[in-house]
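Below is model_38.cif, which holds mmCIF, C-alpha atoms.
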data_target
loop_
_atom_site.label_atom_id
_atom_site.label_comp_id
_atom_site.auth_asym_id
_atom_site.auth_seq_id
_atom_site.Cartn_x
_atom_site.Cartn_y
_atom_site.Cartn_z
CA MET A 1 32.24 175.14 137.12
CA SER A 2 28.51 176.07 137.43
CA VAL A 3 26.76 178.22 140.02
CA LEU A 4 23.17 177.36 141.02
CA ARG A 5 21.20 180.07 142.78
CA PRO A 6 17.92 178.64 144.08
CA GLN A 7 16.90 181.72 146.04
CA ASP A 8 17.63 185.36 146.53
CA LYS A 9 19.62 186.83 149.35
CA GLU A 10 17.32 189.16 151.29
CA ASP A 11 18.36 192.56 152.50
CA LEU A 12 17.21 192.84 156.11
CA ASP A 13 17.35 196.62 156.34
CA GLY A 14 14.39 197.77 158.47
CA ASN A 15 10.96 196.86 157.13
CA ASN A 16 12.14 196.80 153.50
CA LYS A 17 13.27 193.36 152.34
CA ASN A 18 15.49 194.09 149.33
CA LYS A 19 16.70 190.86 147.73
CA ILE A 20 20.40 190.80 146.84
CA PHE A 21 21.29 188.46 144.00
CA GLY A 22 24.01 188.49 141.31
CA PRO A 23 25.87 191.49 139.99
CA SER A 24 22.95 193.93 139.88
CA CYS A 25 21.39 193.08 143.31
CA LYS A 26 17.86 193.32 141.82
CA ARG A 27 14.63 192.05 143.46
CA HIS A 28 13.82 188.96 141.42
CA LYS A 29 13.31 185.30 142.33
CA ARG A 30 15.72 183.59 140.00
CA LEU A 31 17.52 180.32 139.55
CA SER A 32 20.55 181.07 137.36
CA VAL A 33 23.18 178.81 135.94
CA TYR A 34 26.38 180.47 134.75
CA ASN A 35 29.03 178.51 132.94
CA ASN A 36 32.43 180.07 132.52
CA SER A 37 34.05 177.36 130.43
CA ILE A 38 33.66 176.67 126.70
CA ASN A 39 35.08 173.29 125.78
CA GLY A 40 36.15 171.98 122.38
CA THR A 41 35.70 175.32 120.54
CA GLN A 42 38.44 176.84 118.38
CA LEU A 43 38.26 180.64 118.54
CA SER A 44 39.93 183.28 116.48
CA GLN A 45 42.21 185.90 118.01
CA GLU A 46 39.46 188.52 117.94
CA GLN A 47 36.99 186.12 119.46
CA ARG A 48 39.52 185.21 122.15
CA SER A 49 40.08 188.88 122.88
CA GLN A 50 36.35 189.39 123.07
CA ASP A 51 36.04 186.36 125.33
CA GLU A 52 38.79 187.65 127.55
CA GLU A 53 37.02 190.99 127.81
CA ASP A 54 33.73 189.24 128.55
CA LEU A 55 35.45 187.03 131.09
CA GLU A 56 37.02 190.08 132.72
CA ALA A 57 33.63 191.83 132.79
CA THR A 58 32.07 188.71 134.22
CA THR A 59 34.80 188.52 136.84
CA GLN A 60 34.22 192.16 137.77
CA ASN A 61 30.49 191.55 138.01
CA PHE A 62 31.07 188.47 140.14
CA THR A 63 33.41 190.54 142.36
CA THR A 64 30.67 193.15 142.67
CA SER A 65 28.24 190.40 143.60
CA LEU A 66 30.61 189.18 146.33
CA LYS A 67 30.85 192.73 147.65
CA CYS A 68 27.07 192.91 147.70
CA LEU A 69 26.98 189.62 149.59
CA LYS A 70 29.58 190.90 152.05
CA ASN A 71 27.26 193.77 152.83
CA VAL A 72 24.96 191.23 154.38
CA ASP A 73 27.50 190.78 157.18
CA HIS A 74 26.29 194.18 158.34
CA TYR A 75 23.17 192.48 159.59
CA ASN A 76 24.83 189.62 161.47
CA SER A 77 23.98 191.38 164.72
CA LYS A 78 20.41 190.23 164.20
CA SER A 79 19.37 187.34 166.40
CA SER A 80 19.39 183.81 164.99
CA GLU A 81 15.63 183.62 165.64
CA GLN A 82 14.95 186.55 163.31
CA LEU A 83 17.17 185.09 160.60
CA GLN A 84 15.40 181.76 160.93
CA GLU A 85 12.03 183.54 160.66
CA GLN A 86 13.16 185.31 157.49
CA GLU A 87 14.36 182.00 156.04
CA ASP A 88 11.07 180.26 156.86
CA SER A 89 9.09 182.98 155.09
CA ALA A 90 10.86 182.39 151.75
CA ALA A 91 8.26 180.29 149.93
CA GLY A 92 9.14 178.71 146.57
CA ILE A 93 12.81 178.00 147.42
CA LEU A 94 14.30 174.74 146.15
CA GLN A 95 15.14 172.31 148.97
CA TRP A 96 16.30 169.18 147.15
CA VAL A 97 16.06 167.36 143.84
CA THR A 98 16.26 163.60 143.28
CA VAL A 99 16.71 162.01 139.85
CA LYS A 100 16.59 158.35 138.81
CA ASN A 101 17.70 157.15 135.37
CA PHE A 102 17.87 160.77 134.19
CA MET A 103 20.50 161.67 131.57
CA CYS A 104 23.81 160.35 132.96
CA HIS A 105 22.61 159.71 136.52
CA ASP A 106 21.37 156.38 137.85
CA HIS A 107 20.34 157.87 141.16
CA LEU A 108 21.27 161.27 142.51
CA ASN A 109 19.95 163.30 145.43
CA PHE A 110 21.08 166.93 145.54
CA THR A 111 20.20 169.03 148.58
CA PHE A 112 20.34 172.79 148.09
CA SER A 113 21.85 175.09 150.69
CA PRO A 114 19.73 178.08 151.78
CA ASN A 115 21.70 180.67 149.79
CA ILE A 116 24.10 179.99 146.86
CA ASN A 117 25.10 176.55 145.58
CA PHE A 118 28.33 175.77 143.69
CA VAL A 119 28.46 172.56 141.66
CA GLN A 120 31.81 171.55 140.20
CA GLY A 121 33.01 168.51 138.34
CA ARG A 122 34.56 167.24 135.15
CA ASN A 123 32.93 167.66 131.80
CA GLY A 124 30.14 165.13 131.33
CA SER A 125 29.87 164.39 135.06
CA GLY A 126 26.25 165.64 135.13
CA LYS A 127 26.46 169.19 136.51
CA SER A 128 24.07 170.61 133.94
CA ALA A 129 21.82 167.58 134.36
CA ILE A 130 20.83 168.93 137.78
CA ALA A 131 19.66 172.22 136.25
CA SER A 132 17.96 170.31 133.44
CA ALA A 133 16.19 168.13 136.01
CA VAL A 134 14.87 171.25 137.73
CA VAL A 135 13.56 172.62 134.41
CA VAL A 136 11.98 169.37 133.24
CA GLY A 137 10.70 168.42 136.69
CA LEU A 138 8.83 171.72 136.95
CA GLY A 139 7.06 171.24 133.63
CA GLY A 140 9.70 172.42 131.15
CA THR A 141 10.46 170.73 127.83
CA ALA A 142 13.67 169.26 126.46
CA ARG A 143 14.01 172.28 124.17
CA ASP A 144 14.14 174.54 127.25
CA THR A 145 17.26 172.65 128.36
CA ASN A 146 18.89 172.52 124.91
CA ARG A 147 19.41 168.80 125.54
CA GLY A 148 17.23 167.32 122.86
CA LYS A 149 14.01 167.61 120.96
CA ASN A 150 11.83 165.56 123.28
CA THR A 151 11.84 164.51 126.92
CA GLN A 152 12.15 160.81 125.99
CA GLY A 153 15.73 161.54 125.00
CA LEU A 154 16.49 162.53 128.61
CA VAL A 155 15.91 158.97 129.87
CA LYS A 156 19.21 157.23 130.55
CA TYR A 157 20.32 154.82 127.85
CA GLY A 158 19.08 151.30 128.47
CA LYS A 159 16.36 152.39 130.94
CA GLN A 160 12.62 152.57 130.41
CA THR A 161 11.58 155.23 132.91
CA ALA A 162 13.14 158.35 134.39
CA THR A 163 11.89 159.97 137.60
CA ILE A 164 12.45 163.49 138.88
CA GLU A 165 11.40 164.66 142.34
CA ILE A 166 11.74 168.30 143.39
CA ALA A 167 10.94 169.72 146.83
CA LEU A 168 10.07 173.40 147.27
CA LYS A 169 9.67 175.26 150.52
CA ASN A 170 6.09 176.30 151.25
CA THR A 171 6.14 178.43 154.39
CA GLY A 172 5.25 181.99 155.27
CA LYS A 173 2.62 184.33 153.93
CA GLU A 174 3.44 183.48 150.29
CA ALA A 175 2.80 179.75 150.77
CA PHE A 176 0.75 177.96 148.11
CA LYS A 177 -2.29 176.10 149.50
CA HIS A 178 -0.54 175.49 152.79
CA GLU A 179 -3.61 173.74 154.22
CA LEU A 180 -3.20 171.01 151.57
CA TYR A 181 0.57 170.73 151.09
CA GLY A 182 2.07 171.81 154.39
CA ASP A 183 5.56 173.27 154.65
CA THR A 184 6.93 171.43 151.59
CA ILE A 185 5.60 170.79 148.08
CA ILE A 186 7.04 167.76 146.27
CA VAL A 187 6.67 167.63 142.50
CA GLU A 188 7.29 164.22 140.92
CA ARG A 189 7.50 163.73 137.17
CA LYS A 190 7.92 160.42 135.38
CA ILE A 191 9.15 160.16 131.78
CA GLN A 192 8.55 156.98 129.76
CA ILE A 193 10.98 156.01 127.00
CA LYS A 194 7.96 155.06 124.83
CA GLY A 195 6.32 158.42 125.42
CA GLY A 196 3.95 159.71 128.01
CA GLY A 197 4.46 159.96 131.74
CA GLY A 198 2.76 162.06 134.34
CA TYR A 199 2.94 164.31 137.37
CA LYS A 200 2.28 163.80 141.06
CA ILE A 201 2.09 166.85 143.31
CA LYS A 202 2.55 165.66 146.88
CA ALA A 203 2.28 167.18 150.32
CA LYS A 204 5.06 167.13 152.87
CA ASN A 205 3.84 163.81 154.28
CA GLY A 206 4.02 162.18 150.82
CA SER A 207 0.28 162.04 150.14
CA VAL A 208 -0.72 162.83 146.54
CA VAL A 209 -2.79 166.01 146.28
CA SER A 210 -3.04 166.33 142.48
CA VAL A 211 -1.87 164.63 139.28
CA LYS A 212 -2.55 167.51 136.89
CA LYS A 213 0.10 169.60 135.19
CA ASP A 214 -2.17 172.64 135.58
CA GLU A 215 -1.60 172.42 139.33
CA VAL A 216 2.16 172.62 138.73
CA GLN A 217 1.69 175.67 136.49
CA ARG A 218 -0.52 177.37 139.08
CA MET A 219 2.14 176.76 141.72
CA LEU A 220 4.89 178.18 139.47
CA ASP A 221 2.76 181.25 138.69
CA HIS A 222 2.14 181.72 142.41
CA PHE A 223 5.88 181.57 143.20
CA ASN A 224 6.77 183.56 140.04
CA ILE A 225 9.10 180.80 138.81
CA GLN A 226 9.66 180.82 135.02
CA VAL A 227 11.65 177.75 133.98
CA ASP A 228 11.77 178.80 130.31
CA ASN A 229 13.14 182.26 131.06
CA PRO A 230 16.94 182.61 130.57
CA ILE A 231 17.03 185.10 133.45
CA THR A 232 15.69 182.38 135.70
CA ILE A 233 17.79 179.53 134.27
CA LEU A 234 20.74 180.33 131.99
CA ASN A 235 22.04 177.01 130.75
CA GLN A 236 25.47 176.31 129.32
CA ASP A 237 24.57 176.51 125.65
CA MET A 238 22.55 179.69 125.99
CA SER A 239 25.28 181.37 128.04
CA ARG A 240 27.84 180.45 125.36
CA ASP A 241 25.59 181.83 122.64
CA PHE A 242 25.03 184.97 124.70
CA LEU A 243 28.74 185.55 125.27
CA ASN A 244 29.67 184.81 121.65
CA THR A 245 26.84 186.82 120.09
CA ALA A 246 27.83 190.26 118.91
CA ASP A 247 24.78 190.67 116.68
CA SER A 248 22.42 193.26 118.07
CA LYS A 249 19.45 191.35 116.69
CA GLY A 250 20.47 188.22 118.55
CA LEU A 251 20.98 190.18 121.76
CA TYR A 252 17.62 191.87 121.26
CA LYS A 253 15.95 188.47 120.79
CA PHE A 254 17.63 187.31 123.98
CA PHE A 255 16.38 190.46 125.72
CA LEU A 256 12.83 189.86 124.47
CA LYS A 257 12.92 186.28 125.64
CA ALA A 258 14.50 187.13 129.01
CA THR A 259 11.98 189.86 129.79
CA GLN A 260 9.15 187.75 128.30
CA LEU A 261 8.28 190.60 125.95
CA GLN A 262 8.32 188.10 123.08
CA GLN A 263 5.90 185.91 124.99
CA MET A 264 3.74 188.95 125.64
CA LYS A 265 3.89 189.85 121.94
CA ASP A 266 2.91 186.32 120.94
CA ASP A 267 0.11 186.35 123.50
CA TYR A 268 -1.01 189.75 122.23
CA ASN A 269 -1.09 188.50 118.62
CA HIS A 270 -2.97 185.41 119.74
CA LEU A 271 -5.44 187.59 121.62
CA GLN A 272 -5.83 189.84 118.58
CA LYS A 273 -6.71 186.81 116.45
CA ALA A 274 -9.05 185.53 119.11
CA LEU A 275 -10.62 189.00 119.39
CA LYS A 276 -11.18 189.13 115.62
CA ILE A 277 -12.71 185.67 115.67
CA SER A 278 -14.92 186.71 118.58
CA SER A 279 -15.94 189.91 116.77
CA ASP A 280 -16.86 187.91 113.67
CA ILE A 281 -18.85 185.49 115.78
CA ILE A 282 -20.65 188.39 117.52
CA GLN A 283 -21.45 190.01 114.17
CA ASN A 284 -22.72 186.70 112.86
CA ARG A 285 -24.83 186.26 115.98
CA LYS A 286 -26.24 189.78 115.55
CA GLU A 287 -27.34 188.94 112.01
CA HIS A 288 -29.08 185.84 113.27
CA LEU A 289 -30.47 187.59 116.33
CA PRO A 290 -34.02 188.21 114.87
CA LEU A 291 -34.31 184.56 113.92
CA LEU A 292 -33.01 183.57 117.32
CA LYS A 293 -35.53 185.86 119.02
CA LYS A 294 -38.32 184.34 116.94
CA GLU A 295 -37.08 180.89 117.87
CA VAL A 296 -36.90 181.96 121.52
CA ASP A 297 -40.50 183.16 121.36
CA GLU A 298 -41.58 179.85 119.84
CA GLN A 299 -39.61 177.93 122.43
CA ARG A 300 -41.11 180.11 125.17
CA THR A 301 -44.63 179.36 123.87
CA GLN A 302 -43.85 175.66 123.78
CA TYR A 303 -42.37 175.90 127.23
CA GLU A 304 -45.45 177.65 128.62
CA PHE A 305 -47.65 175.03 126.95
CA SER A 306 -45.53 172.24 128.40
CA VAL A 307 -45.72 173.91 131.83
CA SER A 308 -49.51 174.12 131.59
CA LEU A 309 -49.57 170.53 130.35
CA ASN A 310 -47.49 169.47 133.31
CA ASP A 311 -49.89 171.31 135.63
CA LYS A 312 -52.80 169.50 134.05
CA ARG A 313 -50.99 166.20 134.36
CA LYS A 314 -50.38 166.90 138.02
CA LYS A 315 -54.05 167.81 138.51
CA LEU A 316 -55.11 164.65 136.65
CA HIS A 317 -52.79 162.64 138.86
CA GLU A 318 -54.35 164.20 141.97
CA LEU A 319 -57.87 163.54 140.66
CA ARG A 320 -56.96 159.93 140.00
CA LYS A 321 -55.74 159.66 143.54
CA GLU A 322 -59.00 161.15 144.81
CA LEU A 323 -60.98 158.73 142.59
CA VAL A 324 -59.08 155.77 143.97
CA TRP A 325 -59.73 156.90 147.52
CA ALA A 326 -63.41 157.50 146.74
CA MET A 327 -63.67 153.95 145.34
CA ILE A 328 -61.95 152.65 148.47
CA ILE A 329 -64.36 154.52 150.73
CA GLN A 330 -67.36 153.25 148.70
CA ALA A 331 -66.02 149.70 148.86
CA GLU A 332 -65.58 150.00 152.60
CA LYS A 333 -69.19 151.20 152.95
CA GLU A 334 -70.45 148.33 150.80
CA GLU A 335 -68.39 145.93 152.87
CA VAL A 336 -69.99 147.21 156.08
CA ALA A 337 -73.48 146.88 154.53
CA SER A 338 -72.68 143.36 153.33
CA HIS A 339 -71.56 142.39 156.82
CA LYS A 340 -74.79 143.71 158.28
CA GLU A 341 -76.85 141.88 155.62
CA LEU A 342 -74.91 138.71 156.29
CA GLU A 343 -75.56 139.00 160.00
CA ARG A 344 -79.27 139.52 159.30
CA HIS A 345 -79.41 136.44 157.05
CA GLU A 346 -77.52 134.41 159.62
CA SER A 347 -80.13 135.42 162.21
CA SER A 348 -82.95 134.41 159.79
CA VAL A 349 -81.29 131.08 159.11
CA LYS A 350 -81.00 130.46 162.83
CA ALA A 351 -84.73 131.21 163.31
CA VAL A 352 -85.65 128.91 160.41
CA GLN A 353 -83.44 126.20 161.86
CA ASP A 354 -85.21 126.64 165.21
CA LYS A 355 -88.60 126.27 163.46
CA ILE A 356 -87.40 123.20 161.60
CA SER A 357 -86.25 121.69 164.90
CA SER A 358 -89.65 122.48 166.44
CA TYR A 359 -91.58 120.98 163.51
CA ALA A 360 -89.36 117.91 163.60
CA THR A 361 -90.19 117.45 167.29
CA LYS A 362 -93.93 117.79 166.59
CA SER A 363 -93.69 115.37 163.67
CA GLU A 364 -92.00 112.84 165.90
CA GLU A 365 -94.72 113.22 168.51
CA GLU A 366 -97.46 112.70 165.84
CA GLN A 367 -95.68 109.65 164.56
CA ASN A 368 -95.47 108.23 168.10
CA LEU A 369 -99.18 108.90 168.50
CA TYR A 370 -99.91 107.19 165.19
CA ARG A 371 -97.93 104.13 166.21
CA LYS A 372 -99.74 104.02 169.52
CA ILE A 373 -103.12 104.17 167.81
CA GLN A 374 -102.05 101.51 165.36
CA GLU A 375 -101.02 99.30 168.22
CA GLU A 376 -104.35 99.84 169.93
CA LEU A 377 -106.14 99.01 166.70
CA ASN A 378 -104.17 95.81 166.39
CA ASN A 379 -104.95 94.90 169.95
CA ILE A 380 -108.68 95.47 169.40
CA SER A 381 -108.65 93.38 166.24
CA SER A 382 -106.97 90.57 168.15
CA LYS A 383 -109.57 90.78 170.88
CA ILE A 384 -112.37 90.68 168.31
CA LYS A 385 -110.97 87.54 166.79
CA GLY A 386 -110.41 85.91 170.17
CA LEU A 387 -113.82 86.63 171.59
CA SER A 388 -116.23 84.69 169.36
CA SER A 389 -118.61 84.21 172.21
CA LYS A 390 -118.88 87.78 172.64
CA VAL A 391 -119.39 88.44 168.92
CA LYS A 392 -122.54 90.24 169.33
CA LYS A 393 -121.28 92.24 172.06
CA ALA A 394 -118.12 92.46 170.14
CA ARG A 395 -120.07 93.58 167.09
CA GLU A 396 -121.64 96.15 169.17
CA ASP A 397 -118.31 96.89 170.59
CA MET A 398 -117.01 96.67 167.07
CA VAL A 399 -119.46 99.26 165.93
CA ASP A 400 -118.33 101.36 168.77
CA ALA A 401 -114.76 100.49 167.93
CA LYS A 402 -115.36 101.34 164.30
CA MET A 403 -116.75 104.57 165.37
CA LYS A 404 -113.73 105.06 167.54
CA HIS A 405 -111.60 103.75 164.73
CA LYS A 406 -113.20 106.19 162.41
CA ASP A 407 -112.56 108.92 164.87
CA LYS A 408 -109.00 107.76 165.27
CA GLN A 409 -108.68 107.43 161.52
CA MET A 410 -109.87 110.95 161.17
CA GLN A 411 -107.39 112.02 163.80
CA PHE A 412 -104.74 110.00 161.97
CA ASN A 413 -105.60 111.62 158.67
CA THR A 414 -105.58 114.97 160.33
CA ALA A 415 -102.18 114.23 161.88
CA GLU A 416 -100.92 112.95 158.52
CA ARG A 417 -102.09 116.10 156.79
CA LYS A 418 -100.38 118.14 159.47
CA ILE A 419 -97.19 116.16 158.92
CA GLN A 420 -97.42 116.78 155.15
CA ASN A 421 -98.07 120.45 155.75
CA ILE A 422 -95.11 120.59 158.10
CA GLN A 423 -92.93 118.84 155.52
CA LYS A 424 -94.08 121.30 152.87
CA GLU A 425 -93.25 124.21 155.18
CA ILE A 426 -89.85 122.64 155.86
CA SER A 427 -89.25 122.36 152.09
CA VAL A 428 -90.33 125.97 151.56
CA LEU A 429 -88.06 127.16 154.38
CA LYS A 430 -85.11 125.17 152.98
CA GLU A 431 -85.64 126.73 149.54
CA ALA A 432 -85.86 130.19 151.13
CA VAL A 433 -82.63 129.56 153.05
CA GLU A 434 -80.88 128.31 149.90
CA ARG A 435 -82.05 131.40 147.99
CA ASP A 436 -80.76 133.67 150.74
CA TYR A 437 -77.35 132.00 150.72
CA ASN A 438 -77.15 132.10 146.95
#
Go ahead and render the structure in this file as structure tokens.
Amino acid sequence: MSVLRPQDKEDLDGNNKNKIFGPSCKRHKRLSVYNNSINGTQLSQEQRSQDEEDLEATTQNFTTSLKCLKNVDHYNSKSSEQLQEQEDSAAGILQWVTVKNFMCHDHLNFTFSPNINFVQGRNGSGKSAIASAVVVGLGGTARDTNRGKNTQGLVKYGKQTATIEIALKNTGKEAFKHELYGDTIIVERKIQIKGGGGYKIKAKNGSVVSVKKDEVQRMLDHFNIQVDNPITILNQDMSRDFLNTADSKGLYKFFLKATQLQQMKDDYNHLQKALKISSDIIQNRKEHLPLLKKEVDEQRTQYEFSVSLNDKRKKLHELRKELVWAMIIQAEKEEVASHKELERHESSVKAVQDKISSYATKSEEEQNLYRKIQEELNNISSKIKGLSSKVKKAREDMVDAKMKHKDKQMQFNTAERKIQNIQKEISVLKEAVERDYN
């Protein structure tokens, strides 16, 4: 039969909250698994005597633990509200664990009671698998459970994936990121038979907050849960080795591991090596410091030059902008002048067109006058031919007519010259207009 202790029993004496747990009633958050049966092992008489003594000592310690627990009845006069408040403030307590295809279980949901949990069953029924699920689900390895060399071996035979879900209480002042997770933190771990897997750290409502193992480790550090510490979880094999070990060296190793002094020693040695490496690096950097300073000075000079170059580029860019705007302003001025010049030329063309129209009217009038004179001349010639009897008089009249004709001819010539002059002026004006447009 195994005993699972997911939380400590708190002493409610006054303002001091002394946690009562196990035979020594010490203040530690611990999850311990004690196994009091060793199956299939043939022991000698001395070993059996030693086992009987150890069993008797264990029984006495367990009796002492029960007496310590009975002392809690002293505080039953407290109100149920105060007890509930104390229970709600215990952050990091296991609430339930669910496993699928893990070790011998197809599907198992185990809900923890608030104080001490007793799990009993036949050998091989999966009692230790619950404790192993807690260890592995909270980031432990198969070696921490003494159930194999790798976590793939914990997947049930014939299955491809194992799933572990663990819920921890997250209330009170010691809650871990309560604004993200709420009153319960659910840690889900999947294990693939081919290797790999992953974590999902969920809030109470089931939403995934993180998928990083570092988040699980930060949570465990916050709650002071150490899944690889035998004081926290004492599995069946380790308890058997502990009870059967009479060697002081073995007990001392167990003590170092339980108090994490060995881990501290390993960390200290690792830090010493890291410190030596850092010291060597610092010394090496000191030797190269003059060269680095020289390089820094060169880089600073180049940087200052690049800064000045950038300033000049910015100034050049601004000057180019000013040049473009100056060209635009000049073009606008030229456009205004061109419009004015065009208007002036249009006015000149209109005046020339008016003159051309006037000269055309005058030319038409001269031509009408010329036709009229020509008609009169024709009429006079007809009269001269028709009036033979009046030849003399006609001659005289003819002389007069010739004189008139001469005068008219002179007028005609004058008018013709005027028309030619007008046509020349029209040609000159047309050429001037064409030159202006061109």
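You will find CA of Tyr370 (chain A) at 25.4 Å from CA of Gln353 (chain A).
Picture a line from CA of Lys424 (chain A) to CA of Lys408 (chain A); it runs 23.7 Å.
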key: Test item: the PyMOL selection byres ((chain A and resi 357-360) around 12) resolved as a list of chain:residue names   =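 So the PyMOL selection byres ((chain A and resi 357-360) around 12), applied here, picks out A:Lys350, A:Ala351, A:Val352, A:Gln353, A:Asp354, A:Lys355, A:Ile356, A:Thr361, A:Lys362, A:Ser363, A:Glu364, A:Glu365, A:Glu366, A:Gln367, A:Lys418, A:Ile419, A:Gln420, A:Asn421, A:Ile422, A:Gln423, A:Lys424, A:Glu425, A:Ile426, A:Ser427, A:Leu429.
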key: the PyMOL selection byres ((chain A and resi 144-149) around 8) resolved against shown file, as an NGL selection string   = :A and (132 or 135-136 or 140-143 or 150-151 or 153-154 or 227-228 or 235 or 237)
Taking the file as shown, what set of residues would the PyMOL selection byres ((chain A and resi 159) around 12) give back, as an mmCIF file with C-alpha atoms, in the coordinates of the input?
data_model
loop_
_atom_site.group_PDB
_atom_site.id
_atom_site.type_symbol
_atom_site.label_atom_id
_atom_site.label_comp_id
_atom_site.auth_asym_id
_atom_site.auth_seq_id
_atom_site.Cartn_x
_atom_site.Cartn_y
_atom_site.Cartn_z
ATOM 1 C CA LYS A 100 16.590 158.350 138.810
ATOM 2 C CA ASN A 101 17.700 157.150 135.370
ATOM 3 C CA PHE A 102 17.870 160.770 134.190
ATOM 4 C CA MET A 103 20.500 161.670 131.570
ATOM 5 C CA CYS A 104 23.810 160.350 132.960
ATOM 6 C CA HIS A 105 22.610 159.710 136.520
ATOM 7 C CA ASP A 106 21.370 156.380 137.850
ATOM 8 C CA GLN A 152 12.150 160.810 125.990
ATOM 9 C CA GLY A 153 15.730 161.540 125.000
ATOM 10 C CA LEU A 154 16.490 162.530 128.610
ATOM 11 C CA VAL A 155 15.910 158.970 129.870
ATOM 12 C CA LYS A 156 19.210 157.230 130.550
ATOM 13 C CA TYR A 157 20.320 154.820 127.850
ATOM 14 C CA GLY A 158 19.080 151.300 128.470
ATOM 15 C CA GLN A 160 12.620 152.570 130.410
ATOM 16 C CA THR A 161 11.580 155.230 132.910
ATOM 17 C CA ALA A 162 13.140 158.350 134.390
ATOM 18 C CA THR A 163 11.890 159.970 137.600
ATOM 19 C CA ILE A 191 9.150 160.160 131.780
ATOM 20 C CA GLN A 192 8.550 156.980 129.760
ATOM 21 C CA ILE A 193 10.980 156.010 127.000
ATOM 22 C CA LYS A 194 7.960 155.060 124.830
#
query = Separation of CA of Asn244 (chain A) and CA of Ile225 (chain A), in Å?
reply =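 Interatomic distance here is 27.1 Å.
Take the candidates A:Glu334, A:Ile373, A:Asn229, A:Asn170 and check each one against Gln262 (chain A) using all atoms listed in the file; the shortest distance goes to A:Asn229.
With distances taken over all atoms listed in the file, A:Lys169 is the one residue among A:Lys169, A:His178, A:Lys314, A:Lys276 lying closest to Leu94 (chain A).
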request  = Identify the residues around (8.6, 182.1, 143.3) within a radius of 7 Å, measuring from only C-alpha atoms in the coordinates stated by the file, and give them as an MDAnalysis selection string.
outcome  = chainID A and resid 29 91:92 220 222:225
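You can rank A:Leu261, A:Thr171, A:Gln236, A:Arg300 by their closest distance to Asn123 (chain A) using all atoms listed in the file, and at the top of that list sits A:Gln236.
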request  = Kindly indicate which residue among A:Leu168, A:Arg285, A:Leu243, A:Val134 lies nearest to Arg189 (chain A), using only C-alpha atoms for the distances.
outcome  = A:Val134
Given all atoms listed in the file as the counted atoms, nearest of A:Ile328, A:Lys249, A:Trp96, A:Gln217 to Phe112 (chain A) =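 Checking each candidate against Phe112 (chain A), we get A:Trp96 as the closest.
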Taking every listed atom of region 416-423 of chain A and adding 4 Å to each side, what centre and edge lengths in Å (one decimal) does the axis-aligned box have, as lines of an AutoDock Vina configuration file?
center_x = -97.5
center_y = 116.8
center_z = 157.3
size_x = 17.2
size_y = 15.6
size_z = 12.3
task = Please provide as a PyMOL selection string all residues within 12 Å of Thr111 (chain A), with the sequence filter that same-chain residues fewer than 6 positions apart are discarded (counting all atoms listed in the file).
result = chain A and resi 4+6+93-99+117-119+130+165-168
